[in-house]
Every structure is written in C-alpha cells, then in structure tokens.
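*Asks:* Dropping a structure here in structure tokens format, bear with me for questions.
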Amino acid sequence: GELCEDPPALQHNTRTQTHTQTHTTMLQRCYNNPRHTRTRAAPAARRAHRSGRRGNLPPLKAAAGCVGELCEDPWGQDEDVANGEDVDIYRDTALRYAGYANEVGESFAVFLPPFGVPLSYAVAITYVCFDSVDKGKRAQKKEFEFTQVDDDGSPALAFGSAAADAMVWQLLASVAVPGSVIHTTVAATSHLIHDTDVGSAAHATVLAQVGQDLAPALDVAEAWTPTLVGLAAIPMIVHPIDEAIHKLLNVSLRPAIRDVATLQLGDAAGAVVRAML
C-alpha cells in the first residue's frame with residue numbers, strides 16, 4: 001500500500017539500461033572509427049606507456065579517445081594510485097625490480113654456481129606469473145565496477161584477456177628477449193677480452209703501463225668487465241625492447257583477443273574487453 005523505493009521490475013530495467021549505455025559509451029570512446037585506425041597518444045602518455053614494463057603505468061592501458069592503441073586509463077587505476085587507495089605492488093613498489101632478476105643473473109653468470117642463472121630466471125618468471133594474475137583480477141574487478149553486470153561472460157573474458165596479454169608481454173619483454181641480449185653481450189665481451197688478438201694486445205699494453213706488480217689487479221678487472229658491461233646494458237635495452245614487443249603484440253595477440261571478445265560477447269559487450277588492449 002506504500003510506494004516502494006525500487007520495484008524489482010524497475011531494478012531490472014535500470015540495470016539493463018545501465019549495461020547497454022555502458023557498452024555503448026565504450027564503443028563510442030574506442031571504436032568510433034570502423035577501420036580501427038590508431039591515433040597517436042600525447043607525448044606524455046607515450047612516454048608513460050613505454051615505461052609501463054616496470055614503471056607506474058601497466059602495459060594494459062588504453063586512452064579514452066584513441067582507437068586500438070593503449071589509452072590513458074579507462075579503468076581509473078592511476079586515480080586510485082594517486083589517491084593512495086589501490087597501490088599496484090607489482091608495478092609501483094620495489095617488487096617491480098624482480099623483473100630484472102634474470103638479466104642480473106646473466107650478467108653475473110661467471111661468478112654464480114651452476115644453479116644461479118636458472119634461479120634468476122625462476123625469480124623473474126614467478127614475478128611475471130603473479131603480475132599477470134594480478135592484472136587479470138584488476139581488469140575483472142574494474143569491468144564489473146564499470147558495468148555492474150557479471151552474467152554476460154565479460155568479467156571472465158576481461159580476466160583472461162588482461163592476464164594473457166600481461167603474461168605474454170612480460171615473458172617476452174621482461175624475460176626472454178632481454179635475457180638473451182644480456183647473455184650475448186656478456187659472452188661477446190668476455191670473448192673479446194680473453195680470446196682475441198685485440199684483447200691480448202690490450203692486456204699486454206696495460207700490463208706494460210702498470211707493471212707486473214699490478215698484474216693480479218688487472219686480471220680481476222678483466223674478469224669483472226663483462227659483468228659490468230652487462231649491467232650497464234640493462235637500462236639501455238629496456239625501452240627499445242618494450243616498444244618492439246608492444247608493436248609485435250599490437251599486430252598479433254591483441255587483435256586476436258579483440259576478435260575473440262567480439263565473437264563471444266558481441267560488439268557491444270565485447271567493447272569493454274576490447275578497449276583494454
């Protein structure tokens with residue numbers, strides 16, 4: 001006999017309308033161009049995007065208004081971090097340096113026991129796994145907060161899409177490619193110093209300059225030089241490798257994930273998942 005706050009039918013209609021409006025908005029924001037032509041993000045956004053591997057911005061960022069490219073922060077994660085509400089321990093704390101473990105291991109390979117380098121890779125891959133699961137959970141949570149709908153399959157697909165993208169990108173950009181580059185750099189430097197005529201001539205020249213009394217110190221310096229070269233190379237290879245892997249995934253894995261999202265959920269519902277990549 002009294003007016004209810006929100007009858008069940010109105011709740012259902014409001015929920016459905018909100019869901020439809022949400023997906024429509026996402027479509028308008030990220031897919032207003034039928035050819036999905038990429039637009040260039042602002043310079044600051046591009047710099048932040050390139051540092052996403054171990055910086056404040058995770059690789060799954062997508063700017064409102066850009067098409068198909070990683071955009072600024074549709075899920076509001078940066079605002080949460082800025083407000084101290086949701087710190088990403090895998091990207092915003094010292095734990096992010098675990099991604100360097102295998103590169104450091106390759107640099108110190110000559111000084112480590114046989115299990116040392118494999119252990120460094122195990123540390124890096126463990127970090128990648130935890131980070132990938134975390135990105136999947138964050139995407140799932142943000143997708144539900146954004147749509148308030150959890151029965152259309154998009155939360156699960158959001159988790160899988162974000163986790164798969166983070167896993168593949170991190171394994172390539174944080175483990176396999178840089179590890180190979182540092183391994184090759186250290187090995188080449190060691191070969192140049194110890195196994196070539198140039199290295200032998202340089203050793204003899206320096207020894208003649210410093211005298212036989214400093215020969216042990218020279219041997220130590222030569223032993224440490226490949227390691228120091230490897231360590232010095234790490235910061236120089238991070239951004240080029242990150243950028244190359246982003247470009248590779250932008251024409252391979254990410255379009256495939258977008259197609260799966262659209263196939264499974266349709267254009268409207270799939271837009272929420274597609275907009276993350």
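Scheme for the structure tokens: letters A, B, ... for chains in order shown; per-chain residue numbers from 1; ligand numbers from 1 in order shown.
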Within segment 140-240 of chain A, find each residue whose DSSP state, derived from the backbone, is alpha helix (DSSP H), and express the selection as a PyMOL selection string.
*Replies:* chain A and resi 140-147+154-170+177-194+197-210+215-240
*Asks:* Between atom CA of Glu103 of chain A and atom CA of Gly179 of chain A, what distance in Å does the model show, to one decimal?
*Replies:*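 These two atoms are separated by 5.1 Å.
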*Asks:* Find the residues around His183 of chain A up to 9 Å (only C-alpha atoms counted), leave out those fewer than 5 positions away in its own chain, and share them as a list in words.
*Replies:*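 So the residues in contact are Glu103, Glu106, Ser107, Ala109, Pro178, Ala188 and Gly230 of chain A.
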*Asks:* Could you please take those selected residues and save N, CA, C and O atoms as an mmCIF file, in the first residue's frame?
*Replies:*
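Full text of part15.cif as output:
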```cif
data_model
loop_
_atom_site.group_PDB
_atom_site.id
_atom_site.type_symbol
_atom_site.label_atom_id
_atom_site.label_comp_id
_atom_site.auth_asym_id
_atom_site.auth_seq_id
_atom_site.Cartn_x
_atom_site.Cartn_y
_atom_site.Cartn_z
ATOM 1 N N GLU A 103 68.154 -10.815 -15.931
ATOM 2 C CA GLU A 103 69.182 -10.025 -16.600
ATOM 3 C C GLU A 103 70.399 -9.846 -15.699
ATOM 4 O O GLU A 103 71.546 -9.916 -16.158
ATOM 5 N N GLU A 106 72.220 -13.165 -15.675
ATOM 6 C CA GLU A 106 73.058 -13.347 -16.864
ATOM 7 C C GLU A 106 74.342 -12.532 -16.762
ATOM 8 O O GLU A 106 75.411 -12.976 -17.202
ATOM 9 N N SER A 107 74.250 -11.345 -16.180
ATOM 10 C CA SER A 107 75.444 -10.510 -16.050
ATOM 11 C C SER A 107 76.469 -11.133 -15.116
ATOM 12 O O SER A 107 77.681 -11.050 -15.352
ATOM 13 N N ALA A 109 76.794 -14.348 -14.449
ATOM 14 C CA ALA A 109 76.837 -15.789 -14.705
ATOM 15 C C ALA A 109 78.184 -16.417 -14.371
ATOM 16 O O ALA A 109 78.254 -17.520 -13.813
ATOM 17 N N PRO A 178 65.317 -9.724 -23.300
ATOM 18 C CA PRO A 178 66.445 -9.063 -22.610
ATOM 19 C C PRO A 178 67.448 -10.047 -22.040
ATOM 20 O O PRO A 178 68.648 -9.775 -22.019
ATOM 21 N N ALA A 188 80.039 -11.997 -25.550
ATOM 22 C CA ALA A 188 80.846 -11.329 -26.576
ATOM 23 C C ALA A 188 81.964 -10.510 -25.939
ATOM 24 O O ALA A 188 83.104 -10.495 -26.437
ATOM 25 N N GLY A 230 77.504 -5.957 -18.997
ATOM 26 C CA GLY A 230 76.140 -6.488 -19.000
ATOM 27 C C GLY A 230 75.195 -5.662 -18.150
ATOM 28 O O GLY A 230 74.072 -5.351 -18.563
#
```
*Asks:* Which residue, A:Cys129, A:Leu263, A:Ala173, A:Ile182, has the smallest gap to Leu228 of chain A when you use only C-alpha atoms?
*Replies:*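 Among the listed residues, A:Ile182 lies closest to Leu228 of chain A.
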*Asks:* Which residues are close to Asp165 of chain A, i.e. within 9 Å by only C-alpha atoms, leaving aside same-chain residues fewer than 2 positions away? Reply as a list in words.
*Replies:*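 Selected residues are Pro59, Leu60, Ser132, Gly160, Ser161, Ala162, Ala163, Met167, Val168, Trp169, Gln170, Leu249, Leu253, Arg254, Ile257 and Leu277 of chain A.
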